[in-house]
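*Asks:* Got a structure for you, written out below as structure tokens; questions coming shortly.
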Amino acid sequence: MKTRDTTGSETREDKKRRTRAILTALRKEFPEAACALHHESPFELLVATILSAQCTDERVNLVTPALFATYPDAHALAGADPDHLMGLIRSTGFFRNKARNLIACARAIVERHGGDVPQSMEQLASLPGVGRKTANVVLGTAFGIPGLPVDTHVKRLSRLLRLTEAEDPDDIERDLCALIPKSQWTEAGHLLILHGRKTCIARRPRCAECMIAPFCPSAVPVTADRIAGGRRTRGNTALPIIALHDRGGKGSS
Ligand code: SF4
């Protein structure tokens with residue numbers, strides 16, 4: 001017997017099928033989907049991901065070569081001079097807080113794990129400056145352990161696609177993981193992030209050129225006319241989406 005989904009008339013099975021179709025379409029658009037942060041070790045990916053909060057991956061990639069040359073591992077970063085570290089990461093924003101977290105995180109890795117980045121969600125998420133999002137990035141990309149990081153793009157898209165109604169990133173992760181096979185969690189995160197950057201842009205979703213518009217309940221019918229104040233106008237029916245962006249698109253990165 002089909003189970004009615006609590007968020008609407010779509011059954012859970014239907015939603016799983018729709019999610020599968022969304023990921024299939026995104027796979028065609030981004031066949032090489034991968035983490036955009038440059039790194040050569042789990043430690044470097046962890047550091048880069050911490051730096052990526054409220055910052056673009058491109059900016060982080062500009063900063064990390066000099067940073068990793070100076071502090072190549074947790075032992076080196078644990079003993080970093082805070083002022084010197086801040087100078088290296090200043091352009092990523094929130095640099096005082098990030099420097100404090102990076103040093104504390106490196107010290108915890110040295111003290112608790114002998115200098116090696118741990119490979120469990122529980123251990124990673126207990127490190128200073130590391131939440132589930134960062135832990136999932138490291139698990140999925142550095143260790144091949146399935147993880148679905150919920151950043152600002154994943155949060156916005158999953159709500160626009162009505163794959164979840166949750167606001168809290170942990171709840172969104174739970175809802176998405178229930179819809180997507182575990183082996184695809186890491187890839188799904190990459191695909192949604194890439195689509196959010198390229199097409200489903202916050203406050204400016206490009207529905208007319210969106211590969212997954214046929215599966216998106218929030219798609220704007222850009223070719224449809226609408227009647228406004230007695231005049232026919234080309235339809236900008238994006239207001240409901242913008243309202244949803246306002247509710248769901250902030251503060252999760
Ligand atoms: S159809 Fe529009 S709102 Fe839906 S995912 Fe695509 S760009 Fe975003």
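Within each chain, counting starts at residue 1; across the structure tokens, chains are named A, B, ... in the order shown, with ligands numbered 1 upward in that order.
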Could you pull out the residues sitting within 6 Å of ligand 1, using only C-alpha atoms and all ligand atoms, and write them as JSON, numbers by chain?

*Replies:* {"A": [160, 199, 200, 205, 206, 207, 210, 212, 213, 216, 218, 219]}

*Asks:* Kindly provide the residues of range 103-171 of chain A that approach range 183-187 of chain A to within 8 Å, each paired with its closest atom pair and their distance in Å to one decimal, based on only C-alpha atoms, listed by chain and increasing number, as JSON lines.

*Replies:*
```
{"residue": "A:Val137", "atom": "CA", "partner": "A:Thr186", "partner_atom": "CA", "distance": 7.8}
{"residue": "A:Gly140", "atom": "CA", "partner": "A:Thr186", "partner_atom": "CA", "distance": 5.3}
{"residue": "A:Thr141", "atom": "CA", "partner": "A:Thr186", "partner_atom": "CA", "distance": 7.3}
{"residue": "A:Pro146", "atom": "CA", "partner": "A:Thr186", "partner_atom": "CA", "distance": 5.4}
{"residue": "A:Gly147", "atom": "CA", "partner": "A:Thr186", "partner_atom": "CA", "distance": 5.1}
{"residue": "A:Leu148", "atom": "CA", "partner": "A:Trp185", "partner_atom": "CA", "distance": 5.0}
{"residue": "A:Pro149", "atom": "CA", "partner": "A:Thr186", "partner_atom": "CA", "distance": 7.7}
```

*Asks:* Taking into account only C-alpha atoms, which residue in the set A:His39, A:Leu85, A:Gly115, A:Ser91 is nearest to Arg59 in chain A?

*Replies:* A:Ser91

*Asks:* What are the DSSP alpha helix (DSSP H) residues of range 17-162 of chain A, as a PyMOL selection string?

*Replies:* chain A and resi 17-29+42-51+57-70+74-78+82-89+95-113+121-125+132-137+152-160

*Asks:* Would you work out the distance separating CA of Gly93 in chain A from CA of Pro72 in chain A, expressed in Å to one decimal?

*Replies:*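 Atom-to-atom, CA of Gly93 in chain A to CA of Pro72 in chain A, that is 21.5 Å.
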
*Asks:* Using DSSP on the backbone coordinates, identify all residues within range 180-218 of chain A classified as strand (DSSP E); present the result as a VMD selection string.

*Replies:* chain A and resid 200 to 201 204 to 205
